[in-house]
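Student: Right, I'll just put the structure down here and ask away after.
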Amino acid sequence: MHWNSLNDFFAMGGYGLYVWGSFGACALGMLIEPLLLRARRRAIVARVPAKELME
Amino acid sequence: MNAPLINWYKFSSPATFYPLAGKLIPWFAAATILLAAVGLWISFFVAPTDAQQGEGYRIIFVHVAASWMSMFIYCVMAFWSAMCLSFNTRLSGMMASALAPTGAMFAFLSLLTGSLWGKPMWGAWWVWDARLTSQLILFFLYLGFMALQSAIDDPRRADKAGAILSLVGVINVPIIYFSVQWWNTLHQGASVSMTKSPSMAQTMLWGMLIMALAFWAYSITMALLRVRCIILEREMTNEWVKKNALE
Amino acid sequence: MSAFFVPFKQSVQRDLLLAARHKTELITALFFFVIVVNLLPLGVGPDPELLRKIAPGILWIGALLATLLGLQRMFAPDHADGTLEQMALSPQSFTVLVAGKITAHWLVAGVPVVLMAPLLGLQFDLSARSLWVLTLSFLLGRPVLSLIGSVGAALTLGVRGGGVLLSLLILPLYIPALIFGAGAVEADLAGLSIEGHMSLLAALAVLSAFFGPWVTTFALRIALE
């Protein structure tokens, strides 16, 4: 560990915006994707009883 | 549990693969979280400060992982495309379609993190070096695949058309990369290059590897989740869906 | 051998005859090329030094876009009236017939562009030698555009949003041809040897001539299923 303080950690030696921007974007993407898939699955499951009624 | 290990063909049917995928997802999700935790710990607390690039180089841990995955996923997509055309199995085509969005996302993240790395290091948000440019073209190839599949209504035709496109693409990727590199070296004006990465300390290599593995486990999880959705959407009228869909 | 040449020739002749009945279509595509190329100087300014430098790129990109515009014509009309299906079912090799169609398309849409290119090159004050290099690069490279484009046309046959989708699919695949083709002329402008570029362009031409018709036919069968 070589961070003197929490502030140093966030600042990333001046590159904070870029480093946290990058890690943040990746985290965001890897969070949104499973959420979208969960929504997709729910939409399908909701349609199944309706289809059954049709048949 | 012996049957799955011996008879792989059983799982080429969507109906039998669906529950298998369901069982695998939690394991790969757990692997993702574990590997990501270790990878992040190495990225921020073990890997030392770089002599030239300071703390800014740490972007490499996600940039390289994203790039590798975007390329690897395209190859896997092409593999399933080849399976789809050779053996005409429905599941192969579904697998290729399931992989594309994740691959596209990683291609995009590779470009984004590449820009965020390039700006402080080399002063520009974008450089026309061979790797970034090829990554951009790969992103276009992913988009093309997804656009073609969404434009074709018949799922079987969409599978096969997409398969041809991804195979043509995978063969072209080395040609495109070579031509872009040729183009780049001949027009050598800027001396900036994404290939000038910091000299690798052992810990840096480990960090990159673990993060790449984390992204890999993540990709598998997403592909399994998505292929289950695709199976449900296509097989909706079959009996087994009504029995299993709520599980 | 005649199993190849006779149906091939018939396919080419048929398409040429059909094209002759719609001459305006072809002339409009050619003039699209002219207009696009002339548009760029209006966008970047009349400085002759700059224009000479970017001329190879402009001409090649104009050719790419003009090609894309005309690609749908390769299979869509025949698909619409059922002729394509008949070709697929005929005892003659579908691949040979498709190769004929691609060749006819190149003759009709490609050759005029190749001939127009040096004229447009004059507008950019390219030297006589550069114009020769330009024409040669077009001669080698334009068939590649038809061959790779035919795969895209087959994949998007009858598909929603066909034209724009086709462009999105094919443009990344055109990049090597663009780099080697425009690069050859740029090399000549810089006084360097064009051998490397031309050999690579020729290699592309051979590869695409070999695999193009086969992949296109495969894609057409899928579209016709």
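Labeling convention for the structure tokens: chains A, B, ... as they appear, residues from 1 per chain, ligands from 1 in order of appearance.
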Please report as number ranges by chain which residues of chain A come no farther than 7 Å from chain B, using only C-alpha atoms.

Tutor: A: 1-2, 12-13, 15, 18-19, 22-23, 26, 34, 37, 41, 44-45, 48

Student: Do a neighbour search on Ala202 (chain C) at 10 Å with only C-alpha atoms, toss out local chain neighbours closer than 3 positions, and write the hits as a list in words.

Tutor: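 In the requested form, the answer reads Ser137, Leu139, Leu140, Gly141, Val144, Ala177, Phe180, Gly181, Gly196, His197, Met198, Ser199, Ala205, Val206, Leu207 and Ser208 of chain C.
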
Student: Which residue out of C:Gly121, C:Pro213, C:Gly161, C:Gly191 has the minimum interatomic distance to chain B when only C-alpha atoms are used?

Tutor: C:Gly161

Student: Using only C-alpha atoms, pick whichever of C:Ala55, C:Val44, C:Val151, C:Leu50 has the shortest atom-to-atom distance to chain B.

Tutor: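 Nearest candidate to chain B out of C:Ala55, C:Val44, C:Val151, C:Leu50: C:Val151.
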
Student: Could you please tell me, as a tab-separated table (two decimals) with C-alpha atoms, in the first residue's frame, which residues of chain B have an atom within 6 Å of chain C when using only C-alpha atoms?

Tutor:
```
chain	number	residue	atom	x	y	z
B	144	GLY	CA	-22.63	-4.44	-38.46
B	151	ALA	CA	-32.87	-6.32	-39.60
B	161	ALA	CA	-26.38	-14.42	-42.51
B	176	ILE	CA	-7.33	-4.92	-41.92
B	179	SER	CA	-3.14	-2.69	-43.81
```

Student: Find the residues around Ala36 (chain B) up to 9 Å (only C-alpha atoms counted), leave out those fewer than 4 positions away in its own chain, and share them as an NGL selection string.

Tutor: :B and (31-32 or 40-41 or 210-215)

Student: Just N, CA and C atoms for this one: save the residues we selected as a PDB file, in the first residue's frame.

Tutor:
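Result file is part20.pdb:
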```
ATOM      1  N   ALA B  31     -16.920 -16.366  -9.967  1.00  0.00           N
ATOM      2  CA  ALA B  31     -15.541 -16.256 -10.439  1.00  0.00           C
ATOM      3  C   ALA B  31     -15.240 -14.837 -10.872  1.00  0.00           C
ATOM      4  N   THR B  32     -16.213 -14.207 -11.556  1.00  0.00           N
ATOM      5  CA  THR B  32     -16.032 -12.818 -11.994  1.00  0.00           C
ATOM      6  C   THR B  32     -15.736 -11.919 -10.813  1.00  0.00           C
ATOM      7  N   LEU B  40      -8.510  -5.805  -8.980  1.00  0.00           N
ATOM      8  CA  LEU B  40      -8.570  -4.403  -8.557  1.00  0.00           C
ATOM      9  C   LEU B  40      -7.587  -4.139  -7.418  1.00  0.00           C
ATOM     10  N   TRP B  41      -7.489  -5.115  -6.521  1.00  0.00           N
ATOM     11  CA  TRP B  41      -6.549  -4.954  -5.414  1.00  0.00           C
ATOM     12  C   TRP B  41      -5.121  -4.808  -5.943  1.00  0.00           C
ATOM     13  N   ILE B 210      -5.035 -10.985 -14.386  1.00  0.00           N
ATOM     14  CA  ILE B 210      -6.177 -11.274 -13.521  1.00  0.00           C
ATOM     15  C   ILE B 210      -7.403 -10.480 -13.964  1.00  0.00           C
ATOM     16  N   MET B 211      -7.202  -9.218 -14.313  1.00  0.00           N
ATOM     17  CA  MET B 211      -8.333  -8.423 -14.799  1.00  0.00           C
ATOM     18  C   MET B 211      -8.889  -9.006 -16.092  1.00  0.00           C
ATOM     19  N   ALA B 212      -8.000  -9.470 -16.955  1.00  0.00           N
ATOM     20  CA  ALA B 212      -8.457 -10.086 -18.205  1.00  0.00           C
ATOM     21  C   ALA B 212      -9.285 -11.336 -17.904  1.00  0.00           C
ATOM     22  N   LEU B 213      -8.829 -12.135 -16.957  1.00  0.00           N
ATOM     23  CA  LEU B 213      -9.579 -13.331 -16.576  1.00  0.00           C
ATOM     24  C   LEU B 213     -10.932 -12.950 -15.979  1.00  0.00           C
ATOM     25  N   ALA B 214     -10.943 -11.864 -15.191  1.00  0.00           N
ATOM     26  CA  ALA B 214     -12.202 -11.399 -14.608  1.00  0.00           C
ATOM     27  C   ALA B 214     -13.172 -11.010 -15.722  1.00  0.00           C
ATOM     28  N   PHE B 215     -12.673 -10.276 -16.716  1.00  0.00           N
ATOM     29  CA  PHE B 215     -13.511  -9.879 -17.848  1.00  0.00           C
ATOM     30  C   PHE B 215     -13.977 -11.100 -18.626  1.00  0.00           C
TER      31      PHE B 215
END
```

Student: Report the distance between CA of Ala190 (chain C) and CA of Gly43 (chain C) in Å, rounded to one decimal place.

Tutor: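 About the pair CA of Ala190 (chain C) and CA of Gly43 (chain C): they are 24.2 Å apart.
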
Student: Considering only C-alpha atoms, can you say which of B:Gln202, B:Met71, B:Arg234, B:Ile25 comes closest to Asp153 (chain B)?

Tutor: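 Of the candidates, the smallest distance to Asp153 (chain B) is held by B:Arg234.
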
Student: What is the CA of Ala209 (chain C)-CA of Phe94 (chain C) distance in Å, reported with one decimal?

Tutor: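 Atom-to-atom, CA of Ala209 (chain C) to CA of Phe94 (chain C), that is 15.7 Å.
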
Student: List every residue of region 64-199 of chain C that DSSP, applied to the backbone, labels as helix (DSSP H, G or I), and write the result as a ChimeraX atom specification.

Tutor: /C:64-74,76-80,83-89,94-123,128-155,162-189,195-199

Student: Considering only C-alpha atoms, return as a list in words whatever protein or nucleic-acid residues lie within 12 Å of Asp188 (chain C), sequence-local ones (same chain, fewer than 4 positions apart) excluded.

Tutor: Arg52, Lys53, Pro56, Leu126, Ser127, Ala128, Arg129, Ser130, Leu131, Trp132, Val133, Leu134, Leu136, Ser137, Gly181, Ala182, Gly183, Ala184, Leu192, Ser193, Ile194, Glu195, Gly196, His197 and Met198 of chain C

Student: Mind checking which residues fall within 7 Å of region 77-81 of chain B, counting only C-alpha atoms, ignoring those fewer than 2 positions away in the same chain, and posting them as a PyMOL selection string?

Tutor: chain B and resi 73-75+83-85+92-93+95-96+99+163+166-167+170
